[in-house]
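Everything on this sheet refers to the single structure shown next.
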Amino acid sequence: MEIIKPGILIDFMRLRRPAMIASFAAIAISLLSLVFPGPRFGIDFAGGTELQIVFAKDITSAEVRQALVDLGFDQPDVVSVEGSTREYILRVKEVSALSDKEAQSMQSALAKVVGEEGVERFRVSPGGDKLSFTLSTELPAQQVRTILEEAGGKIRSVEKFGTFDDHRYEAHLVGIGDEIYAKLDAALGDRGPEQLLRVEWVGPKAGEQLRNSAVKSILYAVGFIMIYIAFRFDLRFAPGAIVSLFHDVIITLGIYVLLRREVNLTTVAALLTVLGYSINDTIVVYDRIRENAGRFKDKTMRELINISTSQVLSRTIITSATTLISIVPFMIWGTPAIQDIVFALAIGIIVGTYSSIYVSAPLTEWVDRRWFQKPAAKATPKKAPA
């Protein structure tokens with residue numbers, strides 16, 4: 001199947017200037033969007049706690065958000081799940097329901113029983129839902145629980161583990177997810193939570209590390225692709241390929257930010273997929289340019305690009321359209337996480353198809369003309385006959 005009939009030649013390079021202006025404008029807007037309004041980071045990158053809750057009766061996201069604010073949570077985020085009026089995803093900045101003061105109080109309470117030097121390796125989990133410690137004297141688990149509860153701890157259970165002589169204990173506390181659920185239940189009455197489906201949390205330091213790792217993974221991918229292009233073709237092709245990759249990632253991310261979609265690890269996976277799809281499209285064009293360069297020795301790079309792009313245009317359109325059609329069902333019926341990655345892929349496919357024609361190819365022509373084209377030999381004037 002061919003959409004563009006063989007032999008038809010389209011002058012793509014004629015529109016290279018308007019296309020480059022449009023690309024620069026889109027990149028500028030995308031970069032500005034990263035500053036204002038800025039990415040809407042998920043808990044993967046921002047840190048915090050995320051809960052998915054089903055409420056007993058219909059309730060609006062504004063009412064749930066206001067209830068969280070009234071309970072003392074700063075700038076909570078409430079998102080409806082697939083347009084439901086009962087099921088919501090709640091995000092708060094807080095990670096732990098246990099303050100440092102409360103943890104210190106429980107450690108002191110244990111020290112009063114076994115002595116100041118009797119409490120060793122006292123640690124609080126990052127989520128604040130578990131204490132682990134070693135005592136110099138063995139105490140029954142129930143007694144340890146009573147000591148911690150009298151010190152203000154909200155204890156689920158206390159377990160002794162390790163060998164008989166270790167005296168190691170783990171105390172499981174009521175986490176922030178349970179605390180939010182209980183407080184909403186008390187505040188909203190008969191419209192309160194009916195079921196807690198899941199709770200996830202990421203500490204601020206872990207979120208920052210994940211964010212830095214995500215940026216590095218994209219930069220590494222671009223770097224390896226540049227090396228691959230330089231070896232497979234030659235240096236005149238590498239700049240166009242790399243610029244088109246940055247073009248695709250920045251614009252895809254900019255659209256994501258402007259539409260206030262959540263940026264998380266799933267988004268990074270989608271962007272890396274976009275990089276692979278985009279460079280594959282670009283390589284198809286580059287391969288045809290190299291093939292035609294061997295066939296048409298007298299053609300300029302501009303003419304080669306027009307010929308080659310016209311020849312692969314049908315293949316490019318059909319491939320992109322087929323991929324878009326195949327991911328539409330996931331965009332409609334997929335889970336929120338699947339919808340996010342498919343949405344990024346859809347944008348990336350469209351932008352990547354455009355960039356393989358109007359970003360990488362024109363830049364390759366410019367690099368070839370600027371640094372690789374041999375200057376025409378000057379004609380030697382003939383001497384007039386005597």
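A note on labels: chains of the structure tokens are A, B, ... as shown, every chain counts residues from 1, and ligands are counted from 1 in their shown order.
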
Go through segment 46-74 of chain A and flag each residue having an atom no more than 10 Å from segment 188-194 of chain A; for those, report the closest pair of atoms plus their distance in Å to one decimal, using only C-alpha atoms, ordered by chain and rising number, as CSV.
residue,atom,partner,partner_atom,distance
A:Ile53,CA,A:Pro193,CA,6.5
A:Val54,CA,A:Glu194,CA,5.6
A:Phe55,CA,A:Pro193,CA,4.1
A:Ala56,CA,A:Glu194,CA,4.9
A:Lys57,CA,A:Arg191,CA,5.0
A:Asp58,CA,A:Arg191,CA,7.3
A:Ile59,CA,A:Arg191,CA,7.2
A:Glu63,CA,A:Leu188,CA,9.3
A:Val64,CA,A:Leu188,CA,8.7
A:Ala67,CA,A:Leu188,CA,7.7

**Study point:** Ala28 of chain A surroundings by only C-alpha atoms, 12 Å radius, close-in-sequence under 3 positions cut, as number ranges by chain
**Key:** A: 21-25, 31-35, 247, 250-251, 254-255

Practice item. Identify all residues of segment 129-358 of chain A in helix (DSSP H, G or I) (DSSP on the backbone) and supply them as a PyMOL selection string. Key: chain A and resi 141-150+176-191+204-232+238-258+265-295+301-333+336-358

Exercise for review: Point out the residue among A:Arg145, A:Arg123, A:Arg65, A:Arg315 with the least atom-to-atom distance to Asp281 of chain A, counting only C-alpha atoms.
Suggested key: A:Arg315

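The space between atom CA of Gly118 of chain A and atom CA of Glu149 of chain A spans 19.0 Å.
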
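Between atom CA of Arg369 of chain A and atom CA of Ala26 of chain A lies a distance of 25.9 Å.
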